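coords-v4.txt (compact mmCIF, C-alpha atoms and all ligand atoms)
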# COMPACT_ATOMS: atom_id res chain seq x y z
CA MET P 1 72.68 100.99 139.42
CA ARG P 2 71.40 97.52 138.49
CA ARG P 3 73.69 94.65 139.55
CA ALA P 4 74.48 93.70 135.94
CA ASP P 5 75.37 97.31 135.09
CA ALA P 6 77.56 97.58 138.16
CA ALA P 7 79.49 94.47 137.11
CA HIS P 8 79.82 95.79 133.58
CA ASP P 9 81.09 99.11 134.86
CA GLY P 10 83.83 97.22 136.71
CA LEU P 11 84.72 95.54 133.38
CA ARG P 12 83.91 92.09 134.68
CA LEU P 13 83.18 89.72 131.85
CA PRO P 14 80.00 87.68 131.52
CA ALA P 15 80.85 84.11 132.61
CA TRP P 16 80.36 82.65 129.11
CA ILE P 17 82.90 85.05 127.56
CA ARG P 18 85.34 84.44 130.39
CA ARG P 19 85.03 80.69 129.80
CA TRP P 20 85.75 81.03 126.08
CA VAL P 21 88.80 83.20 126.80
CA TYR P 22 90.19 80.61 129.23
CA LEU P 23 89.32 77.66 126.99
CA ALA P 24 90.80 79.16 123.81
CA GLY P 25 93.91 80.43 125.65
CA LEU P 26 94.50 77.03 127.24
CA ALA P 27 93.96 75.24 123.92
CA CYS P 28 96.56 77.50 122.21
CA LEU P 29 99.00 76.89 125.04
CA LEU P 30 98.62 73.10 125.17
CA THR P 31 98.69 72.55 121.40
CA GLY P 32 101.69 74.91 121.03
CA ALA P 33 103.50 73.08 123.85
CA GLY P 34 102.58 69.73 122.24
CA TRP P 35 104.18 70.82 118.96
CA LEU P 36 107.32 71.98 120.82
CA ALA P 37 107.61 68.70 122.73
CA PHE P 38 107.62 66.78 119.42
CA GLU P 39 109.88 69.27 117.62
CA TYR P 40 112.58 69.11 120.30
CA GLY P 41 111.94 65.72 121.95
CA VAL P 42 110.61 63.21 119.41
CA ARG P 43 112.24 62.00 116.19
CA ILE P 44 111.56 58.84 114.20
CA GLU P 45 113.83 57.00 111.79
CA GLY P 46 112.79 57.70 108.21
CA PRO P 47 114.22 56.44 104.90
CA PHE P 48 116.62 59.44 104.79
CA GLY P 49 117.49 59.59 108.52
CA PRO P 50 115.68 61.08 111.57
CA GLU P 51 112.48 62.94 110.75
CA ALA P 52 109.44 64.49 112.48
CA HIS P 53 106.84 62.18 114.04
CA PRO P 54 103.50 62.40 112.12
CA LEU P 55 101.75 63.54 115.32
CA GLN P 56 103.78 66.78 115.25
CA ARG P 57 101.67 67.93 112.29
CA THR P 58 98.50 66.98 114.18
CA TRP P 59 99.52 69.29 117.04
CA LEU P 60 99.99 72.15 114.57
CA ILE P 61 96.63 71.53 112.88
CA ALA P 62 94.98 71.57 116.31
CA HIS P 63 96.93 74.73 117.17
CA GLY P 64 95.67 76.47 114.01
CA ALA P 65 92.08 75.66 115.03
CA ALA P 66 92.67 76.85 118.62
CA ALA P 67 94.24 80.07 117.29
CA MET P 68 91.13 80.85 115.22
CA VAL P 69 88.88 80.32 118.24
CA ALA P 70 91.24 82.52 120.31
CA LEU P 71 90.95 85.38 117.81
CA TRP P 72 87.16 85.03 117.88
CA ALA P 73 87.27 85.17 121.71
CA PHE P 74 89.48 88.27 121.42
CA GLY P 75 86.77 89.81 119.22
CA LEU P 76 84.22 89.10 121.97
CA LEU P 77 86.39 91.06 124.41
CA TRP P 78 87.14 93.98 122.15
CA LEU P 79 84.08 96.22 122.58
CA ALA P 80 82.84 95.33 126.05
CA HIS P 81 86.22 95.00 127.76
CA VAL P 82 89.09 96.61 125.83
CA ARG P 83 87.35 99.61 124.24
CA ARG P 84 85.49 100.41 127.46
CA GLY P 85 88.47 99.85 129.76
CA TRP P 86 91.03 101.90 127.88
CA PRO P 87 89.55 105.43 128.23
CA ARG P 88 88.67 104.70 131.87
CA ARG P 89 92.29 103.78 132.60
CA ARG P 90 91.32 100.61 134.43
CA ASN P 91 94.19 98.16 134.63
CA ARG P 92 95.57 99.74 131.47
CA GLY P 93 99.21 98.62 131.77
CA SER P 94 98.63 94.88 131.98
CA GLY P 95 95.54 95.10 129.70
CA GLY P 96 97.55 96.94 127.02
CA PHE P 97 100.30 94.33 127.36
CA MET P 98 97.74 91.53 126.82
CA VAL P 99 96.39 93.25 123.69
CA GLY P 100 99.96 93.70 122.39
CA CYS P 101 100.63 89.98 122.98
CA VAL P 102 97.54 88.87 121.06
CA LEU P 103 98.29 91.19 118.12
CA ALA P 104 101.95 90.11 117.99
CA LEU P 105 100.95 86.41 118.26
CA ALA P 106 98.47 86.83 115.40
CA ALA P 107 101.05 88.72 113.25
CA SER P 108 103.89 86.24 113.91
CA GLY P 109 101.47 83.28 113.45
CA TRP P 110 100.47 84.75 110.09
CA GLY P 111 104.18 85.12 109.23
CA LEU P 112 104.85 81.47 110.16
CA TYR P 113 102.02 80.36 107.93
CA TYR P 114 102.54 82.56 104.90
CA LEU P 115 106.13 83.84 104.76
CA GLY P 116 108.31 81.27 103.08
CA SER P 117 111.70 82.67 104.18
CA GLU P 118 113.90 79.89 105.59
CA ALA P 119 116.25 82.47 107.16
CA LEU P 120 113.42 84.22 109.02
CA ARG P 121 111.45 81.14 110.13
CA PRO P 122 113.51 80.03 113.18
CA TRP P 123 113.48 83.58 114.58
CA LEU P 124 109.79 84.07 113.95
CA SER P 125 109.06 80.68 115.50
CA ALA P 126 111.06 81.42 118.67
CA PHE P 127 109.56 84.92 118.95
CA HIS P 128 106.06 83.45 118.61
CA TRP P 129 106.27 80.67 121.17
CA VAL P 130 108.29 82.60 123.76
CA LEU P 131 105.63 85.33 123.53
CA GLY P 132 102.92 82.65 123.77
CA PHE P 133 104.29 81.40 127.12
CA LEU P 134 104.77 84.97 128.30
CA ALA P 135 101.14 85.81 127.48
CA ALA P 136 100.00 82.68 129.35
CA LEU P 137 101.86 83.90 132.45
CA ALA P 138 100.66 87.49 132.00
CA LEU P 139 96.92 86.65 131.85
CA PRO P 140 96.53 85.48 135.49
CA LEU P 141 98.57 88.51 136.55
CA HIS P 142 96.31 90.81 134.52
CA ILE P 143 93.23 89.29 136.16
CA ALA P 144 94.70 89.52 139.67
CA LEU P 145 95.68 93.17 139.13
CA GLY P 146 92.23 93.96 137.67
CA ARG P 147 90.45 92.40 140.63
CA ARG P 148 92.69 94.21 143.09
CA HIS P 149 91.96 97.46 141.28
CA ARG P 150 88.21 96.77 141.52
CA ALA P 151 88.45 95.99 145.27
CA TRP P 152 90.35 99.27 145.76
CA ARG P 153 87.69 101.24 143.83
CA GLU P 154 84.92 99.63 145.85
CA ARG P 155 86.67 100.59 149.10
CA GLN P 156 87.01 104.20 147.83
CA ASP P 157 83.29 104.29 146.90
CA THR P 158 82.28 102.99 150.35
CA ALA P 159 84.52 105.54 152.09
CA ARG P 160 82.92 108.39 150.08
CA ARG P 161 79.36 107.38 151.07
C1 LIG R 201 93.77 90.43 125.20
C2 LIG R 201 93.36 91.36 126.01
C3 LIG R 201 92.67 91.06 127.32
C4 LIG R 201 92.28 89.86 127.86
C5 LIG R 201 92.41 88.45 127.27
C6 LIG R 201 91.65 90.18 129.14
C7 LIG R 201 91.09 89.23 129.98
C8 LIG R 201 90.56 89.50 131.22
C9 LIG R 201 89.89 88.52 132.06
C10 LIG R 201 89.65 87.05 131.68
C11 LIG R 201 89.54 89.15 133.21
C12 LIG R 201 88.80 88.55 134.42
C13 LIG R 201 87.36 89.00 134.24
C14 LIG R 201 86.42 88.66 135.35
O1 LIG R 201 86.84 88.39 136.47
O2 LIG R 201 85.22 88.70 135.03
C15 LIG R 201 89.97 90.53 133.11
C16 LIG R 201 89.79 91.50 134.07
C17 LIG R 201 90.03 92.83 133.90
N1 LIG R 201 90.55 93.44 132.76
FE1 LIG R 201 91.12 92.51 131.06
N2 LIG R 201 91.70 91.54 129.36
C18 LIG R 201 92.31 92.11 128.27
C19 LIG R 201 92.54 93.46 128.06
C20 LIG R 201 92.20 94.47 128.95
C21 LIG R 201 92.36 95.90 128.72
C22 LIG R 201 92.94 96.53 127.44
C23 LIG R 201 91.91 96.55 129.86
C24 LIG R 201 91.85 98.02 130.19
C25 LIG R 201 92.36 98.99 129.52
C26 LIG R 201 91.47 95.53 130.80
C27 LIG R 201 90.96 95.77 132.06
C28 LIG R 201 90.55 94.81 132.97
C29 LIG R 201 90.01 95.09 134.30
C30 LIG R 201 89.82 96.47 134.94
C31 LIG R 201 89.69 93.86 134.88
C32 LIG R 201 89.10 93.61 136.28
C33 LIG R 201 87.60 93.54 136.14
C34 LIG R 201 86.91 93.35 137.47
O3 LIG R 201 87.11 92.31 138.10
O4 LIG R 201 86.19 94.26 137.84
N3 LIG R 201 91.65 94.29 130.21
N4 LIG R 201 90.59 90.72 131.88
C1 LIG R 202 96.23 84.39 119.95
C2 LIG R 202 97.00 83.36 120.14
C3 LIG R 202 97.75 82.61 119.02
C4 LIG R 202 97.62 82.67 117.66
C5 LIG R 202 96.65 83.53 116.84
C6 LIG R 202 98.59 81.73 117.10
C7 LIG R 202 98.73 81.46 115.75
C8 LIG R 202 99.64 80.58 115.20
C9 LIG R 202 99.76 80.27 113.79
C10 LIG R 202 98.87 80.84 112.68
C11 LIG R 202 100.77 79.39 113.66
C12 LIG R 202 101.30 78.81 112.33
C13 LIG R 202 100.64 77.48 112.10
C14 LIG R 202 101.23 76.74 110.91
O1 LIG R 202 102.36 77.03 110.50
O2 LIG R 202 100.53 75.84 110.39
C15 LIG R 202 101.31 79.12 114.97
C16 LIG R 202 102.38 78.27 115.25
C17 LIG R 202 102.85 78.01 116.52
N1 LIG R 202 102.38 78.54 117.72
FE1 LIG R 202 100.87 79.84 117.91
N2 LIG R 202 99.29 81.15 118.13
C18 LIG R 202 98.81 81.67 119.31
C19 LIG R 202 99.24 81.34 120.59
C20 LIG R 202 100.28 80.50 120.88
C21 LIG R 202 100.71 80.16 122.22
C22 LIG R 202 100.04 80.66 123.53
C23 LIG R 202 101.77 79.33 122.10
C24 LIG R 202 102.54 78.77 123.29
C25 LIG R 202 103.10 77.66 123.35
C26 LIG R 202 102.01 79.11 120.67
C27 LIG R 202 102.98 78.30 120.10
C28 LIG R 202 103.13 78.01 118.75
C29 LIG R 202 104.13 77.12 118.22
C30 LIG R 202 105.18 76.31 119.02
C31 LIG R 202 103.95 77.11 116.82
C32 LIG R 202 104.80 76.31 115.78
C33 LIG R 202 105.95 77.19 115.39
C34 LIG R 202 106.64 76.73 114.13
O3 LIG R 202 105.98 76.22 113.20
O4 LIG R 202 107.87 76.91 114.07
N3 LIG R 202 101.09 79.86 119.97
N4 LIG R 202 100.60 79.85 115.90
Since I need it in another form, could you write the structure as structure tokens?
Ligand code: HEM
Ligand code: HEM
Amino acid sequence: MRRADAAHDGLRLPAWIRRWVYLAGLACLLTGAGWLAFEYGVRIEGPFGPEAHPLQRTWLIAHGAAAMVALWAFGLLWLAHVRRGWPRRRNRGSGGFMVGCVLALAASGWGLYYLGSEALRPWLSAFHWVLGFLAALALPLHIALGRRHRAWRERQDTARR
């Protein structure tokens, strides 16, 4: 097997895709955390009492942009990584969890943007950002488990030869 095919078989990502996944994930995390810091830590005195700092909106605008790039990066992963990995049962548990996180983040993000319900908003918001932090913790774990799985498969292959 050619080296590139061997890497592909192990579900390793081409470096440029991996970089976009890390960059978009980090951008979502930092801009989301920036918004939270202003929501819960910064208030300015307005004509009618304390109100949000104007930069809080800037964080959200940046977050919206990062989210779109993240969904594009997810699209890059879909065929080569997710669709190929699933039937081969490689690292399925943590991989499936990652996919679930991205889908739930996209759905709750859509809800935050389009659903006007004032009663639902605080719950949707908390669900979305708690899941966001959880996904950020789960990604390194997913990668570590995937690499361990690959090392184990390589040892099995060597033992069989
Ligand atoms: C949102 C969903 C997912 C993201 C963001 C993601 C991201 C990543 C990244 C960045 C790596 C490290 C790649 C490298 O070292 O080149 C990786 C490794 C891996 N992932 Fe995923 N993944 C996702 C879903 C899945 C799914 C659904 C599966 C399988 C059913 C899977 C299986 C694997 C395996 C086996 C590895 C180890 C590859 C190796 O080093 O040989 N992933 N993943
Ligand atoms: C695939 C990843 C993600 C997508 C598609 C996504 C999408 C969105 C969307 C569409 C909004 C609504 C923007 C608006 O109302 O103008 C939003 C808000 C937000 N997101 Fe994300 N997001 C993602 C990841 C994350 C992560 C990792 C965090 C972690 C901190 C996070 C934290 C937040 C916060 C704090 C808000 C503001 C909540 C509110 O308005 O009450 N998001 N996100």
Problem set entry | Surroundings of ligand LIG 202 (chain R) up to 7 Å, based on only C-alpha atoms and all ligand atoms, as a VMD selection string | chain P and resid 25 28 to 30 32 to 33 35 to 36 60 to 61 63 to 64 67 to 68 70 to 71 102 105 to 106 109 to 110 112 to 113 121 to 122 125 128 to 130 132 to 133 135 to 136
Exercise. Which residues form the shell of 7 Å around ligand LIG 201 (chain R) when you count all atoms listed in the file, given as a PyMOL selection string?
Worked result: chain P and resi 7+10-15+18+21-22+74+77+81-82+85-86+89-92+95-96+98-99+102+139+142-143+146-147+149-150
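For the set P:Ala73, P:Ala159, P:Leu55, P:Leu115, the residue with the smallest atom-to-atom gap to Thr31 in chain P is P:Leu55, counting all atoms listed in the file.
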For this session: Give me, please, the distance in Å between CA of Gln156 in chain P and CA of Pro87 in chain P, quoted to one decimal.
Result: 19.8 Å
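One distance worth recording is that between CA of Ala27 in chain P and CA of Pro50 in chain P, which is 28.7 Å.
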Exercise. At what distance in Å, to one decimal, does CA of Ala24 in chain P lie from CA of Ser117 in chain P?
Worked result: 28.9 Å
